file input-v7.tsv (TSV, C-alpha atoms)
chain	number	residue	atom	x	y	z
W	1	MET	CA	-108.19	91.33	-168.08
W	2	ALA	CA	-106.93	94.19	-170.25
W	3	ILE	CA	-109.34	95.90	-172.61
W	4	SER	CA	-108.36	95.86	-176.29
W	5	VAL	CA	-109.59	98.87	-178.29
W	6	VAL	CA	-109.78	99.51	-182.02
W	7	LYS	CA	-109.39	102.63	-184.12
W	8	GLY	CA	-112.16	105.16	-183.47
W	9	GLN	CA	-113.21	103.58	-180.17
W	10	LYS	CA	-113.55	105.61	-176.97
W	11	SER	CA	-113.20	103.57	-173.81
W	12	ASP	CA	-113.30	104.20	-170.06
W	13	LEU	CA	-109.98	103.90	-168.31
W	14	THR	CA	-110.36	104.97	-164.67
W	15	LYS	CA	-114.08	104.24	-164.36
W	16	THR	CA	-113.51	100.56	-165.08
W	17	ASN	CA	-110.36	100.51	-162.93
W	18	PRO	CA	-111.30	102.13	-159.58
W	19	GLY	CA	-108.37	103.60	-157.69
W	20	LEU	CA	-106.14	103.82	-160.76
W	21	SER	CA	-104.05	106.98	-160.36
W	22	ARG	CA	-100.55	106.25	-161.64
W	23	LEU	CA	-100.20	105.07	-165.23
W	24	THR	CA	-97.39	103.71	-167.32
W	25	VAL	CA	-98.06	104.40	-171.00
W	26	GLY	CA	-95.90	102.08	-173.11
W	27	ILE	CA	-95.40	102.63	-176.85
W	28	GLY	CA	-93.73	100.15	-179.17
W	29	TRP	CA	-93.26	99.36	-182.85
W	30	GLU	CA	-91.22	97.42	-185.39
W	31	ALA	CA	-89.49	99.35	-188.16
W	32	ALA	CA	-87.45	98.57	-191.25
W	33	SER	CA	-83.68	98.90	-190.98
W	34	GLY	CA	-82.55	102.51	-190.79
W	35	VAL	CA	-85.93	103.92	-189.77
W	36	GLU	CA	-85.85	105.76	-186.44
W	37	LEU	CA	-88.98	106.93	-184.62
W	38	ASP	CA	-89.58	109.47	-181.87
W	39	THR	CA	-92.48	109.71	-179.45
W	40	SER	CA	-94.02	112.77	-177.84
W	41	ALA	CA	-96.99	113.89	-175.78
W	42	PHE	CA	-98.98	117.11	-176.18
W	43	LEU	CA	-100.70	118.47	-173.06
W	44	LEU	CA	-103.86	120.12	-174.36
W	45	GLY	CA	-106.45	122.51	-173.02
W	46	SER	CA	-110.12	122.66	-173.89
W	47	ASP	CA	-109.21	124.26	-177.25
W	48	ASN	CA	-107.07	121.23	-178.22
W	49	LYS	CA	-103.95	123.42	-178.12
W	50	VAL	CA	-100.88	123.58	-175.91
W	51	ALA	CA	-100.67	126.59	-173.62
W	52	GLY	CA	-96.87	126.93	-173.79
W	53	ASP	CA	-93.55	125.27	-174.50
W	54	GLU	CA	-93.73	123.26	-171.28
W	55	ASP	CA	-96.81	121.42	-172.60
W	56	PHE	CA	-94.83	119.61	-175.29
W	57	ILE	CA	-93.10	116.53	-173.83
W	58	PHE	CA	-90.40	114.86	-175.94
W	59	TYR	CA	-86.86	113.50	-175.65
W	60	ASN	CA	-85.25	116.89	-175.03
W	61	GLN	CA	-87.99	118.16	-172.73
W	62	PRO	CA	-88.86	114.93	-170.95
W	63	SER	CA	-90.85	115.87	-167.89
W	64	THR	CA	-93.18	118.14	-165.99
W	65	SER	CA	-94.76	117.79	-162.56
W	66	PHE	CA	-97.05	114.92	-163.55
W	67	ILE	CA	-95.61	113.26	-166.66
W	68	THR	CA	-92.16	111.86	-167.47
W	69	TYR	CA	-90.85	110.54	-170.78
W	70	LYS	CA	-88.27	107.74	-170.66
W	71	ASP	CA	-86.93	104.72	-172.50
W	72	GLY	CA	-89.20	101.68	-172.47
W	73	GLY	CA	-89.09	98.79	-170.09
W	74	GLN	CA	-88.66	95.10	-170.72
W	75	VAL	CA	-92.36	94.31	-171.16
W	76	GLY	CA	-93.94	93.48	-174.49
W	77	GLY	CA	-91.54	95.27	-176.82
W	78	GLU	CA	-92.07	98.80	-175.46
W	79	LYS	CA	-89.52	101.24	-176.81
W	80	LYS	CA	-90.70	104.37	-174.99
W	81	GLN	CA	-92.79	105.09	-171.89
W	82	PHE	CA	-94.61	107.94	-170.24
W	83	ALA	CA	-95.13	107.78	-166.47
W	84	ILE	CA	-98.26	109.77	-165.52
W	85	ASP	CA	-99.70	110.71	-162.14
W	86	LEU	CA	-103.38	111.39	-162.90
W	87	ASP	CA	-104.00	113.04	-159.54
W	88	LYS	CA	-101.40	115.73	-160.28
W	89	ILE	CA	-102.65	116.77	-163.71
W	90	PRO	CA	-103.77	120.40	-163.43
W	91	ALA	CA	-107.39	121.21	-164.26
W	92	ARG	CA	-106.37	123.22	-167.34
W	93	ILE	CA	-105.14	120.03	-169.05
W	94	GLU	CA	-108.11	118.32	-170.69
W	95	LYS	CA	-106.27	115.88	-172.95
W	96	ILE	CA	-102.90	114.23	-173.46
W	97	ALA	CA	-102.26	113.30	-177.10
W	98	PHE	CA	-99.61	110.65	-177.79
W	99	SER	CA	-97.76	110.62	-181.10
W	100	LEU	CA	-95.16	108.80	-183.16
W	101	THR	CA	-93.00	110.55	-185.76
W	102	ILE	CA	-90.33	109.49	-188.21
W	103	HIS	CA	-87.08	111.02	-186.97
W	104	ASP	CA	-86.89	114.51	-188.48
W	105	GLY	CA	-83.62	113.84	-190.28
W	106	GLU	CA	-85.18	110.88	-192.13
W	107	ALA	CA	-88.64	112.21	-192.98
W	108	ARG	CA	-87.73	112.86	-196.61
W	109	ARG	CA	-86.96	109.23	-197.36
W	110	HIS	CA	-88.96	107.16	-194.85
W	111	HIS	CA	-92.62	106.87	-193.87
W	112	PHE	CA	-94.95	104.74	-191.78
W	113	GLY	CA	-95.38	102.25	-194.58
W	114	LYS	CA	-92.07	100.91	-193.25
W	115	VAL	CA	-93.37	100.59	-189.69
W	116	GLN	CA	-95.41	97.65	-188.37
W	117	HIS	CA	-96.97	96.41	-185.15
W	118	GLY	CA	-97.22	99.80	-183.50
W	119	PHE	CA	-99.09	99.81	-180.21
W	120	LEU	CA	-99.92	101.79	-177.10
W	121	ARG	CA	-100.68	100.14	-173.78
W	122	PHE	CA	-101.79	101.47	-170.40
W	123	ALA	CA	-100.57	99.71	-167.27
W	124	ASN	CA	-101.21	100.31	-163.59
W	125	ALA	CA	-97.85	101.69	-162.39
W	126	ALA	CA	-98.45	100.35	-158.89
W	127	THR	CA	-98.99	96.73	-159.96
W	128	GLY	CA	-97.58	96.55	-163.49
W	129	GLN	CA	-100.88	95.06	-164.71
W	130	GLU	CA	-101.92	96.02	-168.25
W	131	VAL	CA	-105.38	97.58	-168.28
W	132	MET	CA	-105.82	98.68	-171.91
W	133	ARG	CA	-104.13	98.14	-175.26
W	134	TYR	CA	-104.45	99.70	-178.71
W	135	ASP	CA	-102.77	98.09	-181.74
W	136	LEU	CA	-102.28	100.53	-184.61
W	137	GLY	CA	-102.25	97.96	-187.38
W	138	SER	CA	-100.37	98.38	-190.64
W	139	GLY	CA	-102.62	100.49	-192.84
W	140	PHE	CA	-100.27	103.46	-193.15
W	141	THR	CA	-98.46	104.53	-196.32
W	142	VAL	CA	-96.95	108.02	-196.82
W	143	GLU	CA	-97.51	109.33	-193.28
W	144	THR	CA	-94.47	110.60	-191.38
W	145	ALA	CA	-96.28	111.48	-188.14
W	146	ILE	CA	-99.16	109.74	-186.35
W	147	VAL	CA	-101.45	110.71	-183.50
W	148	ILE	CA	-101.89	107.38	-181.73
W	149	GLY	CA	-104.65	108.49	-179.39
W	150	GLU	CA	-105.78	110.81	-176.62
W	151	LEU	CA	-106.20	110.36	-172.89
W	152	TYR	CA	-109.01	112.77	-171.97
W	153	ARG	CA	-111.28	113.85	-169.13
W	154	HIS	CA	-114.98	113.00	-169.14
W	155	ASN	CA	-117.34	113.57	-166.21
W	156	GLY	CA	-114.51	113.42	-163.68
W	157	GLU	CA	-113.00	110.24	-165.14
W	158	TRP	CA	-110.29	109.54	-167.71
W	159	LYS	CA	-111.02	107.85	-171.04
W	160	PHE	CA	-108.96	106.92	-174.08
W	161	ASN	CA	-109.77	107.82	-177.69
W	162	ALA	CA	-108.01	105.52	-180.19
W	163	ILE	CA	-107.28	107.85	-183.13
W	164	GLY	CA	-104.58	106.30	-185.31
W	165	SER	CA	-104.47	109.10	-187.89
W	166	GLY	CA	-101.41	110.54	-189.53
W	167	PHE	CA	-99.83	113.45	-191.38
W	168	ALA	CA	-97.67	113.44	-194.47
W	169	GLY	CA	-96.13	116.70	-193.23
W	170	GLY	CA	-94.08	115.18	-190.42
W	171	LEU	CA	-93.43	116.89	-187.12
W	172	ASN	CA	-94.26	120.34	-188.51
W	173	ALA	CA	-97.79	119.31	-189.41
W	174	LEU	CA	-98.26	117.45	-186.14
W	175	CYS	CA	-97.13	120.42	-184.06
W	176	ALA	CA	-99.23	122.89	-186.08
W	177	ASN	CA	-102.28	120.80	-185.30
W	178	PHE	CA	-101.70	121.36	-181.58
W	179	GLY	CA	-100.65	125.01	-181.72
W	180	VAL	CA	-96.88	124.58	-181.62
W	181	ASP	CA	-94.70	126.44	-184.12
W	182	VAL	CA	-91.53	124.44	-184.72
W	183	ASP	CA	-88.68	126.82	-185.43
W	184	GLY	CA	-86.01	125.25	-187.58
W	185	GLY	CA	-86.06	121.78	-186.10
W	186	SER	CA	-87.74	119.41	-188.51
W	187	ASP	CA	-87.58	118.89	-192.22
W	188	PRO	CA	-90.45	120.07	-194.39
W	189	ALA	CA	-92.54	117.37	-195.99
W	190	PRO	CA	-91.44	116.32	-199.49
W	191	THR	CA	-93.71	117.55	-202.22
W	192	THR	CA	-94.38	116.14	-205.69
W	193	SER	CA	-96.45	117.77	-208.39
W	194	THR	CA	-97.29	117.06	-212.01
W	195	VAL	CA	-98.83	120.50	-212.66
W	196	PRO	CA	-96.87	123.20	-214.52
W	197	PRO	CA	-94.74	125.49	-212.36
W	198	THR	CA	-97.17	128.35	-212.87
W	199	ALA	CA	-100.08	126.38	-211.43
W	200	ALA	CA	-100.68	126.10	-207.69
W	201	PRO	CA	-100.82	122.50	-206.40
W	202	THR	CA	-103.99	121.48	-204.62
W	203	PRO	CA	-103.21	120.81	-200.95
W	204	LEU	CA	-104.27	117.50	-199.45
W	205	PRO	CA	-106.44	117.76	-196.32
W	206	PRO	CA	-104.74	116.37	-193.21
W	207	PRO	CA	-106.25	113.18	-191.74
W	208	VAL	CA	-106.70	114.95	-188.39
W	209	PRO	CA	-108.61	118.24	-188.83
W	210	VAL	CA	-106.69	121.42	-188.13
W	211	SER	CA	-108.68	124.37	-186.83
W	212	GLU	CA	-108.61	127.59	-188.81
W	213	PRO	CA	-105.72	129.89	-187.88
W	214	THR	CA	-106.51	132.80	-185.60
W	215	PRO	CA	-104.81	136.16	-185.19
W	216	SER	CA	-103.54	135.18	-181.73
W	217	PRO	CA	-99.83	134.32	-181.51
W	218	VAL	CA	-98.76	130.67	-181.46
W	219	ASN	CA	-96.27	129.25	-179.03
W	220	SER	CA	-92.81	128.55	-180.40
W	221	ILE	CA	-90.35	125.75	-179.66
W	222	ASN	CA	-86.96	126.05	-181.32
W	223	PHE	CA	-85.63	122.54	-181.87
W	224	SER	CA	-82.14	123.90	-182.50
W	225	LYS	CA	-82.05	125.27	-178.93
W	226	ILE	CA	-83.59	123.99	-175.68
W	227	GLU	CA	-83.46	126.25	-172.62
W	228	LEU	CA	-83.49	124.93	-169.07
W	229	LYS	CA	-85.43	127.67	-167.32
W	230	LYS	CA	-86.06	126.45	-163.78
W	231	LYS	CA	-83.87	124.92	-161.11
W	232	GLY	CA	-84.00	121.15	-161.37
W	233	ASP	CA	-85.03	121.11	-165.05
W	234	THR	CA	-83.32	118.07	-166.58
W	235	ILE	CA	-82.89	116.72	-170.10
W	236	ASN	CA	-80.67	114.08	-171.72
W	237	LEU	CA	-78.22	114.72	-174.50
W	238	LYS	CA	-79.31	113.00	-177.67
W	239	LYS	CA	-78.08	109.42	-178.01
W	240	ASN	CA	-76.37	108.57	-181.29
W	241	ALA	CA	-75.51	105.21	-182.78
W	242	GLY	CA	-71.98	106.48	-183.41
W	243	GLY	CA	-71.53	107.77	-179.87
W	244	LEU	CA	-71.88	111.16	-178.24
W	245	GLY	CA	-68.91	112.78	-179.90
W	246	GLU	CA	-67.38	115.93	-178.42
W	247	ILE	CA	-69.54	117.98	-176.05
W	248	LEU	CA	-68.76	121.70	-175.92
W	249	ILE	CA	-69.74	123.80	-172.90
W	250	ASN	CA	-69.40	127.52	-173.66
W	251	LEU	CA	-69.57	130.39	-171.17
W	252	ASN	CA	-70.11	133.94	-172.38
W	253	TRP	CA	-71.05	137.09	-170.54
W	254	ASN	CA	-71.51	140.85	-170.81
W	255	GLN	CA	-68.14	142.35	-171.70
W	256	GLN	CA	-69.10	145.84	-170.48
W	257	GLY	CA	-69.07	144.84	-166.81
W	258	SER	CA	-69.72	147.57	-164.25
W	259	LYS	CA	-68.76	151.25	-163.99
W	260	GLY	CA	-65.77	152.05	-161.81
W	261	LEU	CA	-64.33	155.33	-160.52
W	262	PHE	CA	-65.11	158.37	-162.75
W	263	GLY	CA	-67.52	156.23	-164.79
W	264	ARG	CA	-64.83	154.16	-166.46
W	265	SER	CA	-65.79	150.65	-167.50
W	266	LYS	CA	-64.57	148.00	-165.09
W	267	SER	CA	-64.59	144.55	-166.66
W	268	VAL	CA	-65.37	141.38	-164.71
W	269	ASP	CA	-63.14	138.33	-164.94
W	270	LEU	CA	-65.58	135.41	-165.01
W	271	ASP	CA	-63.96	131.95	-165.07
W	272	LEU	CA	-65.44	128.64	-166.20
W	273	GLY	CA	-64.53	125.33	-164.58
W	274	CYS	CA	-65.88	122.01	-163.36
W	275	LEU	CA	-65.64	119.41	-160.66
W	276	PHE	CA	-65.51	115.89	-162.05
W	277	GLU	CA	-65.89	112.39	-160.67
W	278	MET	CA	-64.70	109.37	-162.61
W	279	LYS	CA	-66.16	105.86	-162.48
W	280	ASP	CA	-63.15	104.69	-160.45
W	281	GLY	CA	-63.94	107.27	-157.75
W	282	THR	CA	-61.28	109.83	-158.70
W	283	ARG	CA	-62.44	113.38	-158.02
W	284	ASP	CA	-60.74	116.61	-159.06
W	285	VAL	CA	-61.23	120.07	-160.54
W	286	ILE	CA	-60.55	121.72	-163.91
W	287	GLN	CA	-60.14	125.51	-163.89
W	288	ALA	CA	-57.77	128.32	-164.85
W	289	LEU	CA	-57.01	128.91	-161.16
W	290	GLY	CA	-53.93	126.75	-160.53
W	291	GLN	CA	-53.64	126.08	-164.28
W	292	THR	CA	-55.43	122.72	-164.08
W	293	PHE	CA	-56.70	122.73	-167.66
W	294	GLY	CA	-57.24	118.98	-168.08
W	295	SER	CA	-56.96	117.04	-171.35
W	296	LEU	CA	-59.47	115.98	-173.99
W	297	ASN	CA	-57.70	112.85	-175.27
W	298	ARG	CA	-56.07	111.74	-172.02
W	299	PHE	CA	-57.38	111.42	-168.47
W	300	PRO	CA	-59.72	113.01	-167.41
W	301	TYR	CA	-61.04	113.50	-171.00
W	302	ILE	CA	-62.26	116.99	-170.08
W	303	ALA	CA	-60.39	120.15	-171.07
W	304	LEU	CA	-60.63	123.89	-170.52
W	305	ASP	CA	-59.40	125.72	-173.61
W	306	GLY	CA	-59.71	129.40	-172.77
W	307	ASP	CA	-59.38	131.97	-170.01
W	308	ASP	CA	-61.15	135.14	-171.18
W	309	ARG	CA	-60.51	137.78	-168.52
W	310	THR	CA	-62.68	140.49	-170.09
W	311	GLY	CA	-65.61	138.78	-171.77
W	312	SER	CA	-64.57	140.51	-175.00
W	313	VAL	CA	-63.47	137.33	-176.74
W	314	LYS	CA	-66.43	136.45	-178.92
W	315	THR	CA	-66.24	132.73	-178.24
W	316	GLY	CA	-65.96	133.15	-174.45
W	317	GLU	CA	-64.53	130.23	-172.47
W	318	ASN	CA	-65.03	126.58	-173.33
W	319	LEU	CA	-65.00	123.24	-171.57
W	320	ARG	CA	-64.76	120.23	-173.87
W	321	ILE	CA	-65.80	116.69	-172.96
W	322	ASN	CA	-64.72	113.62	-174.90
W	323	GLY	CA	-68.04	111.80	-175.27
W	324	ALA	CA	-66.30	108.68	-176.55
W	325	ARG	CA	-64.99	108.16	-172.99
W	326	ILE	CA	-68.36	108.53	-171.26
W	327	SER	CA	-68.00	105.07	-169.69
W	328	GLU	CA	-65.15	106.45	-167.56
W	329	ILE	CA	-66.97	109.58	-166.34
W	330	GLU	CA	-69.57	109.46	-163.54
W	331	ARG	CA	-70.58	113.13	-163.16
W	332	ILE	CA	-69.45	116.67	-163.94
W	333	LEU	CA	-70.47	119.82	-162.07
W	334	VAL	CA	-70.02	122.91	-164.25
W	335	PHE	CA	-69.38	126.13	-162.34
W	336	THR	CA	-68.17	129.68	-162.79
W	337	TYR	CA	-66.75	132.21	-160.39
W	338	ILE	CA	-65.89	135.91	-160.45
W	339	TYR	CA	-62.10	135.98	-160.16
W	340	GLY	CA	-61.87	139.74	-160.53
W	341	GLY	CA	-64.53	142.40	-159.95
W	342	VAL	CA	-67.56	142.80	-157.75
W	343	ALA	CA	-70.03	139.90	-157.53
W	344	ASN	CA	-72.82	141.59	-159.47
W	345	TRP	CA	-74.42	138.81	-161.47
W	346	SER	CA	-77.08	141.06	-163.01
W	347	GLN	CA	-74.37	143.01	-164.86
W	348	VAL	CA	-72.45	139.88	-165.78
W	349	ASP	CA	-75.53	138.38	-167.51
W	350	GLY	CA	-73.77	135.04	-168.11
W	351	VAL	CA	-75.04	132.37	-170.51
W	352	VAL	CA	-73.86	128.76	-170.75
W	353	THR	CA	-74.48	126.86	-173.99
W	354	ILE	CA	-73.98	123.10	-174.18
W	355	GLN	CA	-73.47	121.92	-177.76
W	356	GLN	CA	-73.86	118.27	-178.75
W	357	LYS	CA	-73.50	116.11	-181.84
W	358	ASP	CA	-76.64	116.10	-184.03
W	359	GLY	CA	-78.80	117.53	-181.23
W	360	PRO	CA	-80.09	120.92	-180.13
W	361	ASP	CA	-78.03	123.31	-178.04
W	362	ILE	CA	-78.87	123.32	-174.32
W	363	ILE	CA	-79.06	126.84	-172.85
W	364	VAL	CA	-78.68	127.77	-169.16
W	365	ARG	CA	-78.93	131.46	-168.27
W	366	MET	CA	-77.45	132.70	-165.01
W	367	ASN	CA	-80.42	134.97	-164.42
W	368	GLU	CA	-81.00	134.66	-160.69
W	369	TYR	CA	-79.33	137.79	-159.43
W	370	GLY	CA	-80.10	138.03	-155.72
W	371	SER	CA	-76.78	136.76	-154.38
W	372	PRO	CA	-73.59	138.64	-153.40
W	373	LEU	CA	-71.61	135.37	-153.46
W	374	GLY	CA	-68.89	134.99	-156.05
W	375	MET	CA	-69.33	131.38	-157.21
W	376	CYS	CA	-72.18	129.85	-159.19
W	377	GLY	CA	-72.88	126.15	-159.74
W	378	ILE	CA	-74.46	126.09	-163.20
W	379	ALA	CA	-75.30	122.55	-164.27
W	380	MET	CA	-74.74	118.92	-163.33
W	381	LEU	CA	-73.98	116.29	-165.98
W	382	ARG	CA	-74.62	112.68	-164.91
W	383	ASN	CA	-73.77	109.47	-166.71
W	384	VAL	CA	-76.89	107.62	-167.94
W	385	ASN	CA	-76.20	103.94	-168.67
W	386	ASN	CA	-72.84	104.84	-170.28
W	387	GLU	CA	-74.85	106.06	-173.28
W	388	THR	CA	-75.51	109.73	-172.64
W	389	PHE	CA	-75.41	112.50	-170.05
W	390	SER	CA	-78.38	114.02	-168.30
W	391	ILE	CA	-78.12	117.80	-167.86
W	392	GLU	CA	-79.65	119.34	-164.72
W	393	ARG	CA	-79.97	123.10	-164.23
W	394	ILE	CA	-78.64	124.26	-160.85
W	395	VAL	CA	-77.81	128.03	-160.96
W	396	GLN	CA	-77.06	128.20	-157.25
W	397	PHE	CA	-74.57	130.59	-155.63
W	398	TYR	CA	-71.87	129.67	-153.09
W	399	ASN	CA	-69.19	131.30	-150.98
W	400	GLY	CA	-66.26	129.68	-152.76
W	401	HIS	CA	-65.05	126.24	-153.82
W	402	GLN	CA	-65.39	124.60	-150.42
W	403	ALA	CA	-69.08	125.52	-150.12
W	404	LEU	CA	-69.75	124.29	-153.67
W	405	ASP	CA	-67.95	121.03	-152.90
W	406	GLU	CA	-69.87	120.41	-149.68
W	407	ALA	CA	-73.24	121.17	-151.27
W	408	HIS	CA	-72.68	118.43	-153.86
W	409	ASP	CA	-70.74	115.89	-151.75
W	410	TRP	CA	-67.43	115.99	-153.61
W	411	GLY	CA	-65.30	115.56	-150.47
W	412	MET	CA	-62.17	117.40	-151.62
W	413	GLN	CA	-59.79	119.60	-149.61
W	414	TRP	CA	-59.24	123.19	-150.78
W	415	VAL	CA	-56.43	125.74	-150.34
W	416	ALA	CA	-56.09	129.29	-151.64
W	417	GLY	CA	-54.63	129.61	-155.13
W	418	ARG	CA	-54.07	132.04	-158.00
W	419	LYS	CA	-53.73	132.02	-161.74
call {"tool": "encode", "arguments": {"input": "input-v7.tsv", "output": "structure tokens"}}
result
Amino acid sequence: MAISVVKGQKSDLTKTNPGLSRLTVGIGWEAASGVELDTSAFLLGSDNKVAGDEDFIFYNQPSTSFITYKDGGQVGGEKKQFAIDLDKIPARIEKIAFSLTIHDGEARRHHFGKVQHGFLRFANAATGQEVMRYDLGSGFTVETAIVIGELYRHNGEWKFNAIGSGFAGGLNALCANFGVDVDGGSDPAPTTSTVPPTAAPTPLPPPVPVSEPTPSPVNSINFSKIELKKKGDTINLKKNAGGLGEILINLNWNQQGSKGLFGRSKSVDLDLGCLFEMKDGTRDVIQALGQTFGSLNRFPYIALDGDDRTGSVKTGENLRINGARISEIERILVFTYIYGGVANWSQVDGVVTIQQKDGPDIIVRMNEYGSPLGMCGIAMLRNVNNETFSIERIVQFYNGHQALDEAHDWGMQWVAGRK
């Protein structure tokens, strides 16, 4: 039988469930119309702080080696889930704090007084059996961010601390509590004051104590930009009620290029393109080579709108994807190749930026320079439930189109071509 805990209670999780190693943490709630909530997890050390950007798990940074954030299942009204492998949690992680926040764009006009029946439940991932549940209750008023509770180590076991405390300062206050400096991503908390303008308002203490600031630098996460830094890193584009809208994939690179004979600058012609696969099985390529530029409003709903042969055009080269037609697109492999010049990727210093509607930019840097090959697979976009695309960093080099095709099972035939 599942254990039910109340606010302030600390309860054994693994000690009372021998052999429990893989958890599903389900989080659910009911909210008034128009109120959107986000969930996140902070991976904390012994100082109750994150050690780096990778220790903040949320919708645009959804996984690390032992925890994965995803949409909820069909059990008990869960809206979001975290899948956790306890055996893989590194020793430096002492706690995992789970939170709920009012969506940053709505924090000025909504609060947790409009949210009811919030809960967190632990289930055995192997059996699906619920082992512990915490119901938040409905005692919140002006809070815009809540720490639900903490999963923490104790004498070699894992326990849960039911906290249920909130902040009126939204995501900024929540992140500051755990040592994360949010750069430009969330709205500041609304303030009201009846004192004259010359008087300083008295700050309200946060419900969860914040340690005194120290001279040491804090880690920074810029919510206007998310960088995929390692091969295999994957995030989803933000889902919107009105649809994805247009997705812009921009390639830019160092316009100086390399030095040629007598020290003269020799520019590199770096071209952007993609392989695409539609839901009906159609597979093809979009690129300047062969002048297959595609179309945004007609099949295949992907278009290349520039061929910058020098890198001097400020906007670089762009691929555009019609997000309204996502249900017709299965996957897209974004690539670039050096059409003219020596394959020296360290001098090219290419950067791909994926821009989305109402969400942060996704950055992929082509910063793995050890290859003499002239083609680079940059990122894979995959259809997720006809609602959004997942973006996976690849940054792998190939000896031409055929090798790229074979590595990703496209199954096309290739012949030599020119612009």
call {"tool": "residues_around", "arguments": {"input": "input-v7.tsv", "residues": "Glu328 (chain W)", "least_positions_apart": "3", "cutoff": "6 Å", "atoms": "all atoms listed in the file", "output": "number ranges by chain"}}
result
W: 278-279, 325
call {"tool": "atom_distance", "arguments": {"input": "input-v7.tsv", "atom1": "CA of Asn344 (chain W)", "atom2": "CA of Gly232 (chain W)"}}
result
23.4 Å
call {"tool": "closest_residue", "arguments": {"input": "input-v7.tsv", "among": "W:Glu387, W:Glu246, W:Glu406, W:Asp269", "to": "Asp358 (chain W)", "atoms": "all atoms listed in the file"}}
result
W:Glu246
call {"tool": "closest_residue", "arguments": {"input": "input-v7.tsv", "among": "W:Ala176, W:Cys274, W:Ile326, W:Ala288", "to": "Gly243 (chain W)", "atoms": "all atoms listed in the file"}}
result
W:Ile326
call {"tool": "atom_distance", "arguments": {"input": "input-v7.tsv", "atom1": "CA of Phe178 (chain W)", "atom2": "CA of Glu94 (chain W)"}}
result
13.0 Å
call {"tool": "atom_distance", "arguments": {"input": "input-v7.tsv", "atom1": "CA of Asn17 (chain W)", "atom2": "CA of Arg133 (chain W)"}}
result
14.0 Å
call {"tool": "residues_around", "arguments": {"input": "input-v7.tsv", "residues": "Asp361 (chain W)", "least_positions_apart": "3", "cutoff": "7 Å", "atoms": "all atoms listed in the file", "output": "list in words"}}
result
Ser224, Lys225, Ile226, Thr353, Ile354, Gln355 and Gln356 of chain W
call {"tool": "write_last_selection", "arguments": {"input": "input-v7.tsv", "atoms": "C-alpha atoms", "output": "PDB file, keeping the file's coordinate frame"}}
result
ATOM      1  CA  SER W 224     -82.140 123.900-182.500  1.00  0.00           C
ATOM      2  CA  LYS W 225     -82.050 125.270-178.930  1.00  0.00           C
ATOM      3  CA  ILE W 226     -83.590 123.990-175.680  1.00  0.00           C
ATOM      4  CA  THR W 353     -74.480 126.860-173.990  1.00  0.00           C
ATOM      5  CA  ILE W 354     -73.980 123.100-174.180  1.00  0.00           C
ATOM      6  CA  GLN W 355     -73.470 121.920-177.760  1.00  0.00           C
ATOM      7  CA  GLN W 356     -73.860 118.270-178.750  1.00  0.00           C
TER       8      GLN W 356
END
